[in-house]
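Undergrad: Contents of target39.txt (compact mmCIF, C-alpha atoms and all ligand atoms):
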# COMPACT_ATOMS: atom_id res chain seq x y z
CA MET A 15 -4.18 -72.02 55.72
CA GLU A 16 -6.98 -72.44 53.17
CA ARG A 17 -9.22 -74.11 55.75
CA LEU A 18 -8.71 -71.56 58.54
CA LEU A 19 -11.39 -69.00 59.39
CA PRO A 20 -9.67 -65.60 59.66
CA SER A 21 -12.03 -64.19 62.31
CA LYS A 22 -12.38 -67.40 64.36
CA ASP A 23 -9.24 -69.51 64.36
CA THR A 24 -6.67 -69.05 67.11
CA THR A 25 -3.84 -69.92 64.72
CA VAL A 26 -4.69 -66.83 62.65
CA ALA A 27 -4.66 -64.64 65.78
CA MET A 28 -1.20 -66.01 66.63
CA GLN A 29 0.03 -65.20 63.12
CA ARG A 30 -1.45 -61.69 63.27
CA ALA A 31 0.14 -61.10 66.68
CA THR A 32 3.51 -62.47 65.52
CA GLN A 33 3.45 -59.99 62.65
CA ALA A 34 2.23 -57.10 64.82
CA ARG A 35 5.22 -57.62 67.11
CA GLY A 36 7.64 -57.41 64.21
CA HIS A 37 8.40 -61.09 63.58
CA THR A 38 8.13 -63.28 60.52
CA SER A 39 5.55 -66.03 60.64
CA LEU A 40 6.53 -69.24 58.86
CA HIS A 41 3.94 -71.86 58.05
CA CYS A 42 4.07 -75.57 57.38
CA GLU A 43 1.97 -78.69 57.73
CA PRO A 44 2.89 -81.87 59.62
CA LYS A 45 3.96 -83.58 56.40
CA ASP A 46 6.60 -80.84 55.88
CA VAL A 47 8.55 -81.69 59.03
CA PHE A 48 11.58 -83.96 58.62
CA VAL A 49 14.71 -85.12 60.45
CA GLN A 50 18.05 -85.37 58.73
CA GLY A 51 21.46 -85.92 60.32
CA GLY A 52 19.85 -85.85 63.76
CA GLU A 53 18.27 -82.42 63.34
CA THR A 54 14.65 -81.43 62.78
CA PHE A 55 13.85 -79.29 59.76
CA ALA A 56 10.68 -78.08 58.12
CA LYS A 57 9.80 -77.01 54.62
CA VAL A 58 8.10 -73.67 55.33
CA ARG A 59 6.67 -70.64 53.62
CA PRO A 60 6.52 -67.18 55.13
CA VAL A 61 2.90 -66.15 55.50
CA THR A 62 1.56 -62.62 55.74
CA VAL A 63 -1.97 -62.09 57.09
CA ASP A 64 -4.34 -59.16 56.81
CA THR A 65 -7.74 -60.28 58.04
CA SER A 66 -9.41 -57.02 56.96
CA LYS A 67 -9.04 -58.15 53.33
CA SER A 68 -10.99 -60.88 51.54
CA THR A 69 -7.77 -62.48 50.32
CA TRP A 70 -6.51 -62.51 53.85
CA PHE A 71 -3.17 -64.30 53.57
CA THR A 72 -0.29 -64.47 51.11
CA TYR A 73 2.59 -66.91 50.98
CA GLY A 74 6.22 -66.29 50.17
CA GLY A 75 8.39 -68.97 48.56
CA HIS A 76 9.31 -72.34 50.10
CA THR A 77 12.54 -72.79 52.06
CA ASP A 78 13.89 -75.46 54.39
CA VAL A 79 14.67 -74.23 57.91
CA ARG A 80 16.38 -75.97 60.82
CA LEU A 81 13.98 -75.61 63.76
CA GLY A 82 16.99 -74.84 65.96
CA ASP A 83 17.52 -71.68 63.91
CA ILE A 84 14.09 -70.20 64.56
CA ASP A 85 12.82 -68.65 67.78
CA ALA A 86 9.66 -70.60 68.50
CA VAL A 87 7.51 -73.36 67.05
CA PHE A 88 3.77 -73.33 67.61
CA ILE A 89 2.21 -76.74 67.06
CA ARG A 90 -1.48 -76.47 66.35
CA LYS A 91 -2.58 -79.70 64.73
CA ASP A 92 -6.24 -80.53 65.31
CA PRO A 93 -7.19 -83.95 66.70
CA PRO A 94 -7.54 -86.84 66.01
CA PHE A 95 -4.29 -87.90 67.54
CA ASP A 96 -3.40 -90.52 64.92
CA ALA A 97 -0.14 -92.23 63.92
CA ALA A 98 0.94 -89.23 61.79
CA TYR A 99 0.50 -86.97 64.83
CA LEU A 100 2.38 -89.41 67.06
CA TYR A 101 5.38 -89.51 64.71
CA LEU A 102 5.29 -85.71 64.38
CA THR A 103 5.75 -85.37 68.15
CA HIS A 104 8.82 -87.63 67.95
CA LEU A 105 10.35 -85.53 65.15
CA LEU A 106 9.67 -82.31 67.03
CA GLU A 107 11.12 -83.71 70.22
CA VAL A 108 14.50 -83.92 68.49
CA ALA A 109 14.44 -80.08 68.43
CA ARG A 110 13.79 -79.74 72.18
CA GLY A 111 16.36 -77.48 73.80
CA LYS A 112 17.17 -75.88 70.43
CA THR A 113 14.00 -73.84 70.01
CA LEU A 114 10.93 -73.00 72.09
CA LEU A 115 8.19 -75.60 71.51
CA VAL A 116 4.58 -74.62 72.28
CA ASN A 117 3.33 -77.06 73.41
CA ASP A 118 6.06 -79.54 74.24
CA PRO A 119 5.73 -82.57 71.91
CA ALA A 120 6.02 -85.08 74.76
CA GLY A 121 3.28 -83.18 76.62
CA LEU A 122 1.08 -83.32 73.52
CA ARG A 123 1.70 -87.03 73.24
CA ASN A 124 0.98 -87.78 76.90
CA ALA A 125 -2.01 -85.52 77.40
CA ASN A 126 -5.11 -86.98 75.80
CA GLU A 127 -7.55 -84.08 76.14
CA LYS A 128 -10.17 -86.16 77.95
CA LEU A 129 -7.92 -88.50 79.97
CA TYR A 130 -5.44 -85.87 81.15
CA THR A 131 -8.19 -84.53 83.43
CA LEU A 132 -7.83 -87.72 85.48
CA HIS A 133 -4.75 -86.16 87.12
CA PHE A 134 -7.14 -83.58 88.58
CA THR A 135 -10.02 -85.81 89.72
CA GLU A 136 -10.86 -83.64 92.72
CA PHE A 137 -12.08 -80.92 90.33
CA MET A 138 -14.04 -83.18 87.98
CA PRO A 139 -17.62 -84.41 87.85
CA ARG A 140 -17.95 -88.13 88.76
CA THR A 141 -16.28 -89.96 85.88
CA LEU A 142 -15.88 -93.51 84.55
CA VAL A 143 -13.55 -94.61 81.75
CA THR A 144 -14.34 -98.05 80.39
CA SER A 145 -15.47 -99.98 77.32
CA ASP A 146 -17.81 -102.24 79.33
CA ALA A 147 -21.49 -101.53 78.60
CA ASP A 148 -22.85 -103.07 81.83
CA ARG A 149 -20.48 -100.96 83.90
CA ILE A 150 -21.61 -97.85 82.03
CA HIS A 151 -25.32 -98.53 82.59
CA GLN A 152 -24.68 -99.18 86.30
CA PHE A 153 -22.70 -95.90 86.55
CA VAL A 154 -25.53 -93.93 84.93
CA LYS A 155 -27.91 -95.31 87.59
CA ASP A 156 -25.43 -94.50 90.37
CA VAL A 157 -25.03 -90.85 89.35
CA GLY A 158 -28.77 -90.12 89.27
CA ASP A 159 -29.87 -91.58 85.91
CA ASP A 160 -28.28 -88.77 83.92
CA ALA A 161 -24.81 -88.79 82.34
CA VAL A 162 -22.79 -87.78 79.30
CA VAL A 163 -20.69 -90.17 77.20
CA LYS A 164 -17.78 -89.01 75.04
CA PRO A 165 -15.33 -90.66 72.68
CA LEU A 166 -11.72 -90.18 73.84
CA ASP A 167 -10.48 -88.89 70.49
CA GLY A 168 -13.24 -86.38 69.70
CA ALA A 169 -13.24 -82.59 69.54
CA GLY A 170 -15.77 -79.87 68.82
CA GLY A 171 -18.51 -81.90 70.51
CA ALA A 172 -18.21 -84.81 68.05
CA GLY A 173 -19.90 -87.94 69.40
CA VAL A 174 -20.75 -86.41 72.80
CA MET A 175 -24.18 -87.73 73.87
CA ARG A 176 -26.49 -87.81 76.86
CA LEU A 177 -27.30 -91.09 78.61
CA ARG A 178 -30.52 -91.20 80.60
CA THR A 179 -32.20 -94.18 82.21
CA GLY A 180 -35.51 -94.58 80.39
CA ASP A 181 -34.18 -93.37 77.03
CA ASP A 182 -34.51 -96.36 74.74
CA ASN A 183 -31.59 -95.15 72.60
CA ARG A 184 -29.28 -95.47 75.61
CA ARG A 185 -28.05 -99.03 75.00
CA SER A 186 -27.55 -98.34 71.31
CA ILE A 187 -25.54 -95.16 72.04
CA VAL A 188 -23.23 -97.11 74.37
CA ASP A 189 -22.79 -99.98 71.90
CA THR A 190 -22.07 -97.51 69.09
CA LEU A 191 -19.51 -95.39 70.98
CA THR A 192 -17.74 -98.43 72.51
CA HIS A 193 -17.82 -100.28 69.17
CA GLU A 194 -19.61 -103.16 70.93
CA GLY A 195 -17.34 -103.11 73.96
CA ARG A 196 -13.99 -102.75 72.20
CA VAL A 197 -13.27 -99.02 72.51
CA LEU A 198 -12.84 -96.98 75.70
CA VAL A 199 -15.15 -94.04 76.34
CA MET A 200 -15.49 -91.46 79.10
CA VAL A 201 -18.80 -91.37 80.97
CA GLN A 202 -19.47 -88.43 83.22
CA GLN A 203 -22.20 -87.34 85.57
CA TYR A 204 -24.39 -84.80 83.77
CA VAL A 205 -23.68 -81.32 85.16
CA PRO A 206 -26.95 -79.33 84.84
CA ALA A 207 -25.01 -76.01 84.98
CA VAL A 208 -24.08 -76.67 81.35
CA ARG A 209 -27.32 -74.85 80.40
CA SER A 210 -25.67 -71.61 81.55
CA GLY A 211 -22.49 -72.45 79.69
CA ASP A 212 -19.22 -74.32 79.30
CA LYS A 213 -16.42 -71.93 80.20
CA ARG A 214 -13.22 -72.00 78.16
CA ILE A 215 -10.33 -70.74 80.28
CA LEU A 216 -7.19 -70.05 78.27
CA LEU A 217 -3.94 -70.53 80.17
CA LEU A 218 -0.45 -69.35 79.31
CA ASP A 219 2.32 -71.07 81.29
CA GLY A 220 -0.11 -71.92 84.09
CA GLU A 221 -1.49 -68.36 84.34
CA VAL A 222 -4.95 -67.19 83.27
CA LEU A 223 -5.01 -65.39 79.90
CA GLY A 224 -8.78 -64.99 80.02
CA ALA A 225 -12.03 -66.85 79.54
CA ILE A 226 -15.10 -67.01 77.35
CA ASN A 227 -18.43 -68.68 78.05
CA ARG A 228 -20.13 -70.89 75.49
CA ILE A 229 -23.89 -71.30 75.84
CA PRO A 230 -25.33 -74.35 74.08
CA ARG A 231 -28.21 -74.02 71.64
CA SER A 232 -31.48 -74.64 73.48
CA ASP A 233 -31.88 -77.91 71.55
CA ASP A 234 -28.36 -79.27 72.07
CA LEU A 235 -26.30 -80.65 74.94
CA ARG A 236 -23.05 -79.44 73.39
CA SER A 237 -21.74 -75.94 73.98
CA ASN A 238 -18.90 -76.08 71.46
CA ILE A 239 -18.70 -73.13 69.08
CA HIS A 240 -18.43 -75.76 66.35
CA ALA A 241 -21.82 -77.15 67.47
CA GLY A 242 -23.52 -73.75 67.40
CA GLY A 243 -22.67 -72.60 70.95
CA ARG A 244 -23.08 -68.86 71.53
CA VAL A 245 -20.09 -67.00 72.99
CA GLU A 246 -20.31 -64.40 75.73
CA ALA A 247 -17.82 -62.61 77.98
CA ILE A 248 -17.14 -64.07 81.41
CA GLU A 249 -14.67 -63.72 84.29
CA VAL A 250 -12.67 -66.45 86.02
CA THR A 251 -13.94 -67.16 89.55
CA ASP A 252 -11.82 -67.47 92.70
CA THR A 253 -12.71 -71.18 92.88
CA GLU A 254 -11.43 -71.64 89.33
CA ARG A 255 -8.26 -69.67 90.10
CA ALA A 256 -7.59 -71.93 93.08
CA MET A 257 -8.04 -74.98 90.85
CA ILE A 258 -5.69 -73.54 88.21
CA ALA A 259 -3.03 -72.83 90.84
CA LYS A 260 -3.15 -76.52 91.78
CA MET A 261 -2.99 -77.62 88.13
CA ALA A 262 -0.21 -75.26 87.05
CA PRO A 263 2.84 -77.20 88.34
CA ARG A 264 1.76 -80.33 86.48
CA LEU A 265 1.03 -78.38 83.27
CA ARG A 266 4.43 -76.70 83.45
CA ARG A 267 6.19 -80.00 84.10
CA ASP A 268 4.54 -81.44 80.99
CA GLY A 269 5.44 -78.40 78.86
CA LEU A 270 1.77 -77.58 78.31
CA ILE A 271 2.06 -73.83 77.90
CA PHE A 272 -0.94 -72.78 75.81
CA VAL A 273 -3.91 -74.72 77.14
CA GLY A 274 -7.70 -74.39 77.16
CA LEU A 275 -9.58 -75.74 80.17
CA ASP A 276 -13.28 -76.57 79.83
CA VAL A 277 -15.17 -75.90 83.05
CA ILE A 278 -18.88 -76.53 83.59
CA GLY A 279 -20.33 -75.22 86.87
CA ASP A 280 -16.89 -75.14 88.56
CA ARG A 281 -16.16 -78.71 87.39
CA LEU A 282 -13.25 -79.48 85.08
CA THR A 283 -14.33 -81.56 82.06
CA GLU A 284 -11.51 -81.24 79.56
CA VAL A 285 -7.91 -79.99 79.17
CA ASN A 286 -7.41 -78.93 75.55
CA VAL A 287 -3.77 -78.95 74.51
CA THR A 288 -3.56 -79.73 70.77
CA SER A 289 -5.22 -76.68 69.23
CA PRO A 290 -7.27 -74.88 71.88
CA THR A 291 -9.53 -72.21 70.45
CA GLY A 292 -11.29 -69.13 71.81
CA ILE A 293 -8.63 -66.40 71.76
CA GLN A 294 -10.31 -64.41 68.97
CA GLU A 295 -13.61 -64.28 70.89
CA LEU A 296 -11.68 -63.31 74.04
CA SER A 297 -9.91 -60.53 72.12
CA GLN A 298 -13.24 -59.21 70.81
CA HIS A 299 -14.53 -58.93 74.38
CA ARG A 300 -11.32 -57.31 75.61
CA GLY A 301 -11.02 -54.96 72.64
CA ARG A 302 -7.37 -55.91 72.08
CA GLU A 303 -5.33 -58.73 70.54
CA VAL A 304 -4.78 -61.12 73.47
CA ALA A 305 -2.63 -63.35 71.22
CA GLU A 306 0.06 -60.66 71.53
CA ASP A 307 0.47 -61.74 75.17
CA VAL A 308 1.34 -65.21 73.94
CA ILE A 309 3.91 -63.89 71.47
CA ALA A 310 5.39 -61.56 74.11
CA TRP A 311 5.77 -64.57 76.42
CA ALA A 312 7.45 -66.51 73.59
CA GLU A 313 9.89 -63.61 73.00
CA GLN A 314 11.01 -63.78 76.62
CA HIS A 315 11.32 -67.55 76.72
CA ALA A 316 12.89 -67.96 73.29
CA GLN A 317 16.00 -66.21 74.63
CA THR A 318 16.50 -68.78 77.35
CA VAL A 319 16.64 -71.90 75.15
N1 LIG A 401 -20.28 -83.73 82.38
C1 LIG A 401 -20.98 -82.97 81.53
N2 LIG A 401 -22.20 -82.46 81.90
C2 LIG A 401 -22.92 -81.69 81.05
N3 LIG A 401 -22.52 -81.40 79.80
C3 LIG A 401 -21.34 -81.86 79.37
C4 LIG A 401 -20.50 -82.67 80.22
N4 LIG A 401 -19.39 -82.99 79.52
C5 LIG A 401 -19.50 -82.42 78.31
N5 LIG A 401 -20.68 -81.75 78.20
C6 LIG A 401 -21.17 -80.99 77.05
O1 LIG A 401 -20.58 -81.55 75.87
C7 LIG A 401 -19.73 -80.57 75.23
C8 LIG A 401 -18.46 -81.24 74.68
O2 LIG A 401 -17.79 -81.93 75.72
P1 LIG A 401 -16.22 -81.90 75.94
O3 LIG A 401 -15.91 -82.87 77.02
O4 LIG A 401 -15.75 -80.52 76.14
O5 LIG A 401 -15.66 -82.52 74.56
P2 LIG A 401 -15.15 -81.84 73.19
O6 LIG A 401 -15.25 -80.36 73.35
O7 LIG A 401 -13.75 -82.31 73.03
O8 LIG A 401 -16.01 -82.39 72.11
C9 LIG A 401 -19.45 -79.54 76.29
O9 LIG A 401 -19.21 -78.27 75.71
C10 LIG A 401 -20.73 -79.54 77.11
O10 LIG A 401 -21.74 -78.75 76.48
MG MG A 402 -14.63 -79.16 74.94
For the file at hand, write its structure as structure tokens.
Ligand SMILES: Nc1ncnc2c1ncn2[C@@H]1O[C@H](COP(=O)(O)OP(=O)(O)O)[C@@H](O)[C@H]1O
Ligand SMILES: [Mg+2]
TA:
Amino acid sequence: MERLLPSKDTTVAMQRATQARGHTSLHCEPKDVFVQGGETFAKVRPVTVDTSKSTWFTYGGHTDVRLGDIDAVFIRKDPPFDAAYLYLTHLLEVARGKTLLVNDPAGLRNANEKLYTLHFTEFMPRTLVTSDADRIHQFVKDVGDDAVVKPLDGAGGAGVMRLRTGDDNRRSIVDTLTHEGRVLVMVQQYVPAVRSGDKRILLLDGEVLGAINRIPRSDDLRSNIHAGGRVEAIEVTDTERAMIAKMAPRLRRDGLIFVGLDVIGDRLTEVNVTSPTGIQELSQHRGREVAEDVIAWAEQHAQTV
């Protein structure tokens, strides 16, 4: 809680919406989740938020709760997806069927945010995943001497770099990101439309919640808010809606309910599932708390588990 930004973080919007709809919001960290006697529990504290105040949240006292006894669990752990995260998904999976899990732990485990896009290749820019430097340099030539390389475990634009034939940093960038050929990276054709923005489309159970556009700084490739990207209002196009309709069955099957797609010039570049952001900016543009839609959805689906 101490590290969250009350006017930016999606988790805070979810807590505010939970409260606004008359529920209690309980908070814990991954280390507080445990399994005993075949059931998943968490050591939690009730949290009350009021983002109009400078001391914007207050905790109640600690209690242990059985996840099966609460209505819904929102898992919003930032990447990297490390061993602690992996084990957390296994613990949470024990509670499947006993409470509503957003997102499903097995879905979180299976869907690397960069690699999951490979199920939807028809919507992506030309893409290579490899750790082989020679293959990368050949790919950059093949796609018009301009590409983007990204680590598979990054977020917020971390480690995302441009690869251009003629740039004498190019070989060094590839060697650094692949750790001299030992670590896989994603290399993608550069999509020039990124200058007019990287669209974040928020989905709820395969349906569009809304979108924001993120314009990169004029001196940066990366549009991420974290990297100084500027946010503006934007609509979802018919082409994007058609793409989402094709993606939705797979997302539903994998229990990926609250998801943020990254789309540059109609091309899908990333499927964010761990802790997608952007709902506060969307709410500012809409003039209402869009996170309440998520909680309303959870109310309906909590009754069915
Ligand atoms: N294929 C691409 N063409 C142009 N720009 C890209 C491309 N892929 C990523 N970028 C830029 O890099 C940023 C971060 O890339 P992304 O794949 O979304 O990784 P993450 O957000 O997890 O760091 C994007 O917001 C965009 O500005
Ligand atoms: Mg992104």
Undergrad: Given a cut-off of 12 Å, what residues near ligand MG 402 (chain A) show up using all atoms listed in the file, put as an MDAnalysis selection string?
TA: chainID A and resid 127:128 131 164:174 208 211:215 227:228 230 235:241 243 273:278 282:292
Undergrad: When you look at region 107-113 of chain A with a cut-off of 7 Å (counting all atoms listed in the file), what residues show up, excluding the ones that are within fewer than 3 positions of it in the same chain? I need them as a list in words.
TA: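 The contact residues come out as Glu53, Thr54, Leu81, Gly82, Ile84, Asp85, Ala86, Thr103, His104, Pro119, Ala120, Ala316 and Val319 of chain A.
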Undergrad: Report the centre and edge lengths, in Å to one decimal, of an axis-aligned box enclosing every atom of region 218-223 of chain A listed in the file, padded by 4 Å on each side, as JSON.
TA:
{"center_x": -1.3, "center_y": -68.7, "center_z": 81.8, "size_x": 15.3, "size_y": 14.5, "size_z": 13.0}
Undergrad: Quick check, in Å to one decimal: how far apart do CA of Arg123 (chain A) and CA of Leu100 (chain A) lie?
TA: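 Between these atoms lies a distance of 6.7 Å.
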Undergrad: Counting only C-alpha atoms and all ligand atoms, which residue out of A:Phe55, A:Tyr130, A:Tyr101, A:Phe88 sits closest to ligand LIG 401 (chain A)?
TA: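 Among the listed residues, the smallest separation from ligand LIG 401 (chain A) belongs to A:Tyr130.
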Undergrad: Considering all atoms listed in the file, state which residue in the set A:Pro139, A:Pro94, A:Gly180, A:Pro60 is at the smallest distance from Tyr73 (chain A).
TA: A:Pro60
Undergrad: Any idea what the distance is between CA of Val87 (chain A) and CA of Gly220 (chain A)?
TA: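 Going from CA of Val87 (chain A) over to CA of Gly220 (chain A), I get 18.7 Å.
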Undergrad: Using all atoms listed in the file, what residues lie at most 12 Å away from (-9.5, -69.4, 88.6) (file coordinates), given as an NGL selection string?
TA: :A and (137 or 213-217 or 220-225 or 248-262 or 275-277 or 280-282)
Undergrad: Compile the contact shell of Val308 (chain A) as JSON, numbers by chain: residues with an atom at most 8 Å away, counting all atoms listed in the file, same-chain residues fewer than 3 positions apart removed.
TA: {"A": [28, 218, 304, 305, 311, 312]}
Undergrad: Could you jot down the CA of Arg90 (chain A) to CA of Asp23 (chain A) separation for me, Å, one decimal place?
TA: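 Going from CA of Arg90 (chain A) over to CA of Asp23 (chain A), I get 10.6 Å.
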Undergrad: From the set A:Ala247, A:Leu177, A:Arg264, A:Glu306, which residue has the shortest atom-to-atom contact distance to ligand LIG 401 (chain A), counting all atoms listed in the file?
TA: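 Going through A:Ala247, A:Leu177, A:Arg264, A:Glu306 one by one, the smallest distance to ligand LIG 401 (chain A) is for A:Leu177.
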Undergrad: Measuring atom to atom with all atoms listed in the file, identify which of A:Arg176, A:Lys22, A:Leu102, A:Gly36 is nearest to Ala56 (chain A).
TA: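 Under the stated criterion, the closest residue is A:Leu102.
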Undergrad: My list of candidates is A:Glu194, A:Asp233, A:Glu295, A:Glu313. Which is closest to ligand LIG 401 (chain A) when distances are computed with all atoms listed in the file?
TA: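 The closest residue to ligand LIG 401 (chain A) is A:Asp233.
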Undergrad: For ligand LIG 401 (chain A), which residue out of A:Asn124, A:Gln202, A:Gln33, A:Ser68 is the nearest one, using all atoms listed in the file?
TA: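 Looking only at the distances to ligand LIG 401 (chain A), the closest residue turns out to be A:Gln202.
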